[in-house]
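A short write-up of the structure that comes next.
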Amino acid sequence: MVASNSMNEIWIEKYRPRSLKDVVGQKDIVDRLRSYVEVKNLPHLLFAGPAGTGKTTCAVALARELYGETWKGNFNELNASDERGIDVVRGKIKEFARTAPLGGAAFKIIFLDEADALTSDAQAALRRTMERYSRTCRFIFSANYSSKIIDPLQSRCAVFRFRPLLPEDVRKNLQKIAELEMLDIDDAALDALVHVSRGDMRKAVNSLQVAASLGERITVDLIYHTTGMARPEEVKELLETALSGDFIAARNRLDEVMINYGLSGEDIIKQIHQMVFDLDIPDADKVRLIDRTGEVEFRMVEGSNERIQLESLLAYLILVGEHRGDSAD
């Protein structure tokens with residue numbers, strides 16, 4: 001049963017680690033950051049990696065451990081995707097950087113989340129600001145794609161590369177939250193959450209909260225319906241039906257999956273891509289299927305009719321299946 005007041009809070013914030021030792025799944029990075037805390041000093045930092053892997057959490061936890069009670073006054077978080085122009089660098093960032101730290105701290109921290117959204121001019125303007133105010137301010141950049149951060153900024157930073165969380169780390173954290181929230185959840189549903197999240201802890205926790213708000217018992221079916229993903233075995237069945245040569249049955253199965261789970265063409269093509277590797281077909285056929293799947297996905301992104309493209313992929317699967325049959329003969 002869900003605790004009575006649990007739905008009034010966003011769980012991803014409620015259970016966000018408050019110190020570095022509580023960060024899940026990034027031990028090597030945490031160890032390096034704690035060494036900075038011990039010496040009470042750090043260089044400019046660049047946190048790079050996929051969404052939901054702990055970049056923002058590590059920045060906030062680092063500030064908490066460095067500054068203690070005065071961390072909020074010495075830590076300024078800006079979302080670069082909202083404030084991405086050169087005026088922000090010349091205004092807000094420069095103004096915060098030039099003021100003295102509070103509570104006897106040696107420096108402040110400016111945390112630029114989603115820094116890969118900064119314009120090239122804004123990033124160029126940051127170079128001089130970082131150098132000029134390095135005595136009183138350190139920068140931490142967070143980016144999903146480090147390649148979008150210009151080389152002069154990267155060369156000024158110590159780079160930390162975050163990896164997707166391991167399934168066991170995601171599962172362990174979800175079990176902890178489920179116990180604290182007194183949730184009735186199946187082991188299979190936990191496995192489904194781990195599968196859906198694909199190493200993204202934020203997605204896993206948010207998906208758990210959505211499922212918990214809809215029923216007293218959390219099941220596999222509930223997880224997949226609330227996350228907008230088809231069950232892997234259904235997608236695999238769809239592909240195997242096409243490979244068997246039954247185009248009409250595969251087409252009808254595609255309709256059922258897309259309607260039941262409310263999927264778009266791009267949603268289903270991503271799941272098909274993941275499931276190709278689990279098919280019992282030769283590697284050469286998998287290579288051809290992945291190549292064709294990528295082509296279909298590109299056409300849909302460019303605006304092609306998703307229905308025609310998905311059916312063309314099913315037709316290609318029929319041909320692959322027929323080729324295997326001819327080879328066997």
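Order determines the names: the first chain of the structure tokens is A, the second B, and so forth; residues in each chain are numbered 1 upward, and ligands are numbered 1 upward as they are shown.
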
* **DSSP strand (DSSP E) residues within range 79-300 of chain A, as a list in words** => Asn79, Lys108, Ile109, Ile110, Phe111, Leu112, Asp113, Cys137, Arg138, Phe139, Ile140, Phe141, Ser142, Ala143, Cys157, Ala158, Val159, Phe160, Arg161, Asp184, Ile185, Arg217 and Ile218 of chain A

* To do: Skip range 128-143 of chain A itself and residues of its chain fewer than 3 positions away, then list as a ChimeraX atom specification all residues within 9 Å of it, counting only C-alpha atoms.
  => /A:42-51,55-56,59,89-90,93-94,96-101,106-117,124-125,146,148-149,153,156-157

Please write the residues from the selection above to a file, keeping N, CA and C atoms, as a short mmCIF file (atom, residue, chain, number, x, y, z; two decimals), in the first residue's frame.
```cif
data_model
loop_
_atom_site.label_atom_id
_atom_site.label_comp_id
_atom_site.auth_asym_id
_atom_site.auth_seq_id
_atom_site.Cartn_x
_atom_site.Cartn_y
_atom_site.Cartn_z
N LEU A 42 39.17 22.40 -5.99
CA LEU A 42 38.85 21.65 -7.20
C LEU A 42 39.07 22.52 -8.42
N PRO A 43 39.34 21.91 -9.58
CA PRO A 43 39.44 22.66 -10.83
C PRO A 43 38.06 22.87 -11.43
N HIS A 44 37.98 23.50 -12.58
CA HIS A 44 36.73 23.51 -13.32
C HIS A 44 36.43 22.08 -13.76
N LEU A 45 35.16 21.70 -13.76
CA LEU A 45 34.78 20.31 -14.04
C LEU A 45 33.80 20.24 -15.20
N LEU A 46 33.87 19.16 -15.94
CA LEU A 46 32.89 18.86 -16.98
C LEU A 46 32.33 17.47 -16.72
N PHE A 47 31.02 17.40 -16.43
CA PHE A 47 30.33 16.13 -16.24
C PHE A 47 29.63 15.78 -17.55
N ALA A 48 30.04 14.69 -18.19
CA ALA A 48 29.47 14.30 -19.47
C ALA A 48 28.90 12.90 -19.39
N GLY A 49 27.74 12.70 -20.00
CA GLY A 49 27.15 11.37 -19.99
C GLY A 49 25.65 11.42 -20.24
N PRO A 50 25.01 10.25 -20.37
CA PRO A 50 23.57 10.18 -20.66
C PRO A 50 22.73 10.79 -19.54
N ALA A 51 21.48 11.05 -19.86
CA ALA A 51 20.55 11.60 -18.87
C ALA A 51 20.27 10.59 -17.77
N LYS A 55 24.63 13.26 -12.85
CA LYS A 55 25.49 14.44 -13.04
C LYS A 55 25.08 15.58 -12.12
N THR A 56 23.81 15.95 -12.14
CA THR A 56 23.32 17.03 -11.28
C THR A 56 23.43 16.64 -9.81
N ALA A 59 26.93 17.11 -8.58
CA ALA A 59 27.29 18.52 -8.43
C ALA A 59 26.72 19.08 -7.13
N VAL A 89 25.96 35.03 -20.01
CA VAL A 89 27.37 34.95 -19.60
C VAL A 89 27.85 36.32 -19.11
N ARG A 90 27.50 37.35 -19.85
CA ARG A 90 27.95 38.71 -19.50
C ARG A 90 27.20 39.28 -18.30
N ILE A 93 26.08 35.21 -14.96
CA ILE A 93 27.25 34.41 -14.61
C ILE A 93 28.39 35.29 -14.13
N LYS A 94 28.66 36.36 -14.85
CA LYS A 94 29.76 37.25 -14.49
C LYS A 94 29.50 37.92 -13.14
N PHE A 96 27.69 36.78 -10.60
CA PHE A 96 27.86 35.83 -9.50
C PHE A 96 29.34 35.49 -9.30
N ALA A 97 30.08 35.36 -10.40
CA ALA A 97 31.48 34.96 -10.32
C ALA A 97 32.35 36.01 -9.63
N ARG A 98 32.00 37.28 -9.79
CA ARG A 98 32.88 38.34 -9.29
C ARG A 98 32.66 38.64 -7.81
N THR A 99 31.57 38.12 -7.20
CA THR A 99 31.30 38.39 -5.79
C THR A 99 32.04 37.40 -4.91
N ALA A 100 32.36 37.83 -3.71
CA ALA A 100 33.15 37.01 -2.80
C ALA A 100 32.32 35.84 -2.25
N PRO A 101 32.96 34.71 -1.97
CA PRO A 101 32.26 33.56 -1.38
C PRO A 101 31.77 33.87 0.03
N ALA A 106 36.70 29.35 0.08
CA ALA A 106 37.75 29.84 -0.81
C ALA A 106 37.21 30.24 -2.18
N PHE A 107 36.09 29.65 -2.58
CA PHE A 107 35.53 29.94 -3.91
C PHE A 107 34.07 29.54 -3.94
N LYS A 108 33.34 30.06 -4.95
CA LYS A 108 31.97 29.65 -5.22
C LYS A 108 31.95 28.64 -6.37
N ILE A 109 30.79 28.05 -6.58
CA ILE A 109 30.61 27.13 -7.71
C ILE A 109 29.44 27.59 -8.57
N ILE A 110 29.65 27.71 -9.87
CA ILE A 110 28.57 27.92 -10.82
C ILE A 110 28.35 26.61 -11.56
N PHE A 111 27.16 26.07 -11.46
CA PHE A 111 26.82 24.81 -12.12
C PHE A 111 25.94 25.11 -13.32
N LEU A 112 26.47 24.83 -14.52
CA LEU A 112 25.72 25.05 -15.76
C LEU A 112 25.20 23.71 -16.27
N ASP A 113 23.92 23.45 -15.96
CA ASP A 113 23.30 22.20 -16.40
C ASP A 113 22.95 22.31 -17.88
N GLU A 114 23.02 21.19 -18.60
CA GLU A 114 22.75 21.14 -20.04
C GLU A 114 23.58 22.18 -20.78
N ALA A 115 24.87 22.22 -20.44
CA ALA A 115 25.77 23.22 -21.04
C ALA A 115 25.95 23.02 -22.54
N ASP A 116 25.65 21.82 -23.04
CA ASP A 116 25.77 21.60 -24.48
C ASP A 116 24.72 22.38 -25.27
N ALA A 117 23.76 23.00 -24.57
CA ALA A 117 22.76 23.84 -25.24
C ALA A 117 23.22 25.29 -25.37
N ALA A 124 32.25 30.72 -26.03
CA ALA A 124 33.50 31.46 -26.25
C ALA A 124 33.67 32.57 -25.21
N ALA A 125 32.56 33.22 -24.85
CA ALA A 125 32.62 34.30 -23.86
C ALA A 125 32.98 33.76 -22.48
N SER A 146 29.28 15.77 -24.87
CA SER A 146 30.46 16.59 -24.63
C SER A 146 31.05 17.14 -25.92
N LYS A 148 29.60 18.76 -28.05
CA LYS A 148 29.02 20.07 -28.32
C LYS A 148 29.63 21.17 -27.46
N ILE A 149 30.52 20.78 -26.56
CA ILE A 149 31.27 21.77 -25.77
C ILE A 149 32.56 22.08 -26.53
N LEU A 153 36.91 25.18 -23.89
CA LEU A 153 36.29 24.97 -22.57
C LEU A 153 36.68 23.61 -22.01
N ARG A 156 39.99 23.42 -20.32
CA ARG A 156 40.09 24.10 -19.03
C ARG A 156 39.48 23.29 -17.89
N CYS A 157 38.90 22.14 -18.23
CA CYS A 157 38.14 21.36 -17.24
C CYS A 157 38.73 19.97 -17.03
#
```

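For the residues A:Ile185, A:Leu66, A:Pro164, A:Thr57, ranking by smallest atom-to-atom distance to Glu216 in chain A using only C-alpha atoms places A:Ile185 first.
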
* Show which residues sit within 10 Å of Gly199 in chain A, as an MDAnalysis selection string. Count only C-alpha atoms, and ignore same-chain residues fewer than 2 positions away. => chainID A and resid 25 50:53 163:170 194:197 201:204

* To do: Show which residues sit within 8 Å of Phe247 in chain A, as a PyMOL selection string. Count only C-alpha atoms, and ignore same-chain residues fewer than 4 positions away.
  => chain A and resi 241-242+251+314-315+318

* To do: Within 12 Å of Ala61 in chain A, counting only C-alpha atoms, which residues show up once you throw out same-chain ones fewer than 3 positions away? Write them as a PyMOL selection string, please.
  => chain A and resi 16-23+30+33-34+37+54-58+64-68+71-72+75

What's the 8 Å shell around His273 in chain A, counting only C-alpha atoms, without same-chain residues fewer than 3 positions away, as a short mmCIF file (atom, residue, chain, number, x, y, z; two decimals) with N, CA and C atoms, in the first residue's frame?
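Now in out_26.cif:
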```
data_model
loop_
_atom_site.label_atom_id
_atom_site.label_comp_id
_atom_site.auth_asym_id
_atom_site.auth_seq_id
_atom_site.Cartn_x
_atom_site.Cartn_y
_atom_site.Cartn_z
N ILE A 269 9.93 1.47 -33.58
CA ILE A 269 11.16 1.15 -34.32
C ILE A 269 12.35 1.03 -33.38
N LYS A 270 12.35 1.83 -32.30
CA LYS A 270 13.43 1.72 -31.31
C LYS A 270 13.38 0.38 -30.60
N VAL A 276 16.08 -7.07 -32.26
CA VAL A 276 16.72 -7.80 -33.36
C VAL A 276 17.83 -8.71 -32.83
N PHE A 277 18.56 -8.23 -31.82
CA PHE A 277 19.69 -8.99 -31.30
C PHE A 277 19.26 -10.27 -30.59
N ILE A 290 19.42 -4.63 -39.03
CA ILE A 290 19.81 -3.39 -38.36
C ILE A 290 20.00 -2.28 -39.39
N THR A 293 16.55 -1.26 -40.50
CA THR A 293 15.86 -0.56 -39.41
C THR A 293 16.35 0.87 -39.30
#
```

* Find the residue from A:Leu243, A:Ile268, A:Ile29, A:Ile259 that sits nearest to Lys286 in chain A; use only C-alpha atoms when measuring. =>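 The shortest atom-to-atom distance to Lys286 in chain A comes from A:Leu243.
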
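For Leu190 in chain A, the list of residues within 9 Å, based on only C-alpha atoms and with local chain neighbours fewer than 2 positions off taken out, reads Arg171, Leu174, Gln175, Ile185, Asp186, Asp187, Ala188, Ala192, Leu193, Val194, His195, Leu208, Ile218, Thr219, Val220 and Ile223 of chain A.
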
Dump of all heavy atoms for the selected residues, as a compact mmCIF listing (two decimals), in the first residue's frame:
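Generated file (result.txt):
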```txt
# COMPACT_ATOMS: atom_id res chain seq x y z
N ARG A 171 18.09 -1.58 -9.84
CA ARG A 171 17.16 -2.44 -9.10
C ARG A 171 17.29 -2.23 -7.59
O ARG A 171 16.28 -2.12 -6.88
CB ARG A 171 17.43 -3.90 -9.46
CG ARG A 171 16.44 -4.87 -8.83
CD ARG A 171 16.80 -6.31 -9.13
NE ARG A 171 15.88 -7.22 -8.46
CZ ARG A 171 14.75 -7.67 -8.98
NH1 ARG A 171 14.41 -7.30 -10.19
NH2 ARG A 171 13.96 -8.48 -8.30
N LEU A 174 15.62 1.03 -6.61
CA LEU A 174 14.17 0.93 -6.71
C LEU A 174 13.58 0.12 -5.56
O LEU A 174 12.52 0.46 -5.02
CB LEU A 174 13.78 0.30 -8.05
CG LEU A 174 14.03 1.14 -9.31
CD1 LEU A 174 13.70 0.33 -10.56
CD2 LEU A 174 13.22 2.42 -9.28
N GLN A 175 14.28 -0.95 -5.17
CA GLN A 175 13.82 -1.75 -4.03
C GLN A 175 13.82 -0.92 -2.75
O GLN A 175 12.90 -1.02 -1.93
CB GLN A 175 14.72 -2.98 -3.87
CG GLN A 175 14.47 -4.07 -4.88
CD GLN A 175 15.42 -5.24 -4.73
OE1 GLN A 175 16.60 -5.04 -4.47
NE2 GLN A 175 14.91 -6.46 -4.90
N ILE A 185 4.98 -4.56 -4.99
CA ILE A 185 5.48 -4.65 -6.36
C ILE A 185 6.06 -6.02 -6.64
O ILE A 185 6.77 -6.60 -5.81
CB ILE A 185 6.55 -3.54 -6.62
CG1 ILE A 185 7.05 -3.60 -8.05
CG2 ILE A 185 7.70 -3.62 -5.62
CD1 ILE A 185 7.88 -2.40 -8.46
N ASP A 186 5.74 -6.58 -7.80
CA ASP A 186 6.26 -7.88 -8.21
C ASP A 186 7.75 -7.78 -8.55
O ASP A 186 8.23 -6.74 -8.99
CB ASP A 186 5.53 -8.38 -9.47
CG ASP A 186 4.05 -8.60 -9.22
OD1 ASP A 186 3.68 -8.77 -8.05
OD2 ASP A 186 3.28 -8.62 -10.20
N ASP A 187 8.46 -8.90 -8.38
CA ASP A 187 9.85 -8.94 -8.83
C ASP A 187 9.93 -8.74 -10.34
O ASP A 187 10.84 -8.09 -10.85
CB ASP A 187 10.48 -10.29 -8.46
CG ASP A 187 10.81 -10.38 -6.97
OD1 ASP A 187 10.91 -9.32 -6.32
OD2 ASP A 187 10.97 -11.51 -6.46
N ALA A 188 8.96 -9.32 -11.05
CA ALA A 188 8.94 -9.15 -12.51
C ALA A 188 8.72 -7.70 -12.90
O ALA A 188 9.26 -7.22 -13.90
CB ALA A 188 7.86 -10.03 -13.12
N ALA A 192 11.03 -5.22 -15.11
CA ALA A 192 10.51 -4.42 -16.22
C ALA A 192 10.96 -2.97 -16.10
O ALA A 192 11.32 -2.33 -17.09
CB ALA A 192 8.98 -4.51 -16.25
N LEU A 193 10.96 -2.43 -14.88
CA LEU A 193 11.42 -1.05 -14.67
C LEU A 193 12.89 -0.91 -15.03
O LEU A 193 13.30 0.09 -15.64
CB LEU A 193 11.21 -0.64 -13.21
CG LEU A 193 9.80 -0.22 -12.81
CD1 LEU A 193 9.69 -0.09 -11.29
CD2 LEU A 193 9.43 1.11 -13.48
N VAL A 194 13.68 -1.90 -14.66
CA VAL A 194 15.11 -1.87 -15.01
C VAL A 194 15.28 -1.91 -16.52
O VAL A 194 16.10 -1.17 -17.09
CB VAL A 194 15.85 -3.06 -14.35
CG1 VAL A 194 17.28 -3.15 -14.86
CG2 VAL A 194 15.84 -2.92 -12.83
N HIS A 195 14.49 -2.74 -17.19
CA HIS A 195 14.56 -2.84 -18.65
C HIS A 195 14.15 -1.53 -19.31
O HIS A 195 14.80 -1.05 -20.25
CB HIS A 195 13.66 -3.97 -19.14
CG HIS A 195 13.52 -4.03 -20.64
ND1 HIS A 195 14.50 -4.55 -21.45
CD2 HIS A 195 12.53 -3.60 -21.46
CE1 HIS A 195 14.13 -4.46 -22.71
NE2 HIS A 195 12.92 -3.89 -22.75
N LEU A 208 8.27 4.39 -11.65
CA LEU A 208 7.76 3.71 -10.45
C LEU A 208 6.69 4.55 -9.77
O LEU A 208 5.65 4.02 -9.34
CB LEU A 208 8.92 3.44 -9.48
CG LEU A 208 8.54 2.81 -8.14
CD1 LEU A 208 7.92 1.42 -8.35
CD2 LEU A 208 9.76 2.70 -7.23
N ILE A 218 1.66 -3.23 -8.08
CA ILE A 218 2.37 -2.85 -9.29
C ILE A 218 2.81 -4.12 -10.02
O ILE A 218 3.57 -4.93 -9.48
CB ILE A 218 3.60 -1.98 -8.95
CG1 ILE A 218 3.15 -0.72 -8.20
CG2 ILE A 218 4.36 -1.60 -10.22
CD1 ILE A 218 4.30 0.13 -7.71
N THR A 219 2.32 -4.28 -11.25
CA THR A 219 2.59 -5.48 -12.04
C THR A 219 3.35 -5.11 -13.31
O THR A 219 3.51 -3.94 -13.65
CB THR A 219 1.28 -6.18 -12.41
OG1 THR A 219 0.51 -5.28 -13.23
CG2 THR A 219 0.48 -6.55 -11.17
N VAL A 220 3.78 -6.15 -14.02
CA VAL A 220 4.50 -5.94 -15.28
C VAL A 220 3.64 -5.19 -16.28
O VAL A 220 4.08 -4.23 -16.94
CB VAL A 220 4.95 -7.29 -15.87
CG1 VAL A 220 5.55 -7.10 -17.26
CG2 VAL A 220 5.94 -7.97 -14.96
N ILE A 223 3.44 -1.52 -15.52
CA ILE A 223 4.68 -0.82 -15.83
C ILE A 223 4.76 -0.48 -17.31
O ILE A 223 5.02 0.67 -17.70
CB ILE A 223 5.91 -1.66 -15.43
CG1 ILE A 223 6.00 -1.81 -13.90
CG2 ILE A 223 7.19 -1.03 -15.97
CD1 ILE A 223 6.18 -0.51 -13.15
```

* Which of range 32-257 of chain A DSSP labels alpha helix (DSSP H), written as a VMD selection string -> chain A and resid 32 to 39 55 to 67 71 to 74 86 to 88 94 to 98 120 to 132 151 to 154 167 to 180 187 to 197 201 to 212 220 to 227 232 to 243 247 to 257

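Counting from CA of Arg253 in chain A, the distance to CA of Gly294 in chain A is 21.3 Å.
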
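The smallest atom-to-atom distance between Val320 in chain A and any of A:Leu183, A:Ile281, A:Leu214, A:Val301, using only C-alpha atoms, is found for A:Ile281.
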
* **Atom pair CA of Ser264 in chain A / CA of Ile248 in chain A: separation (Å)** =>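 CA of Ile248 in chain A lies 20.1 Å from CA of Ser264 in chain A.
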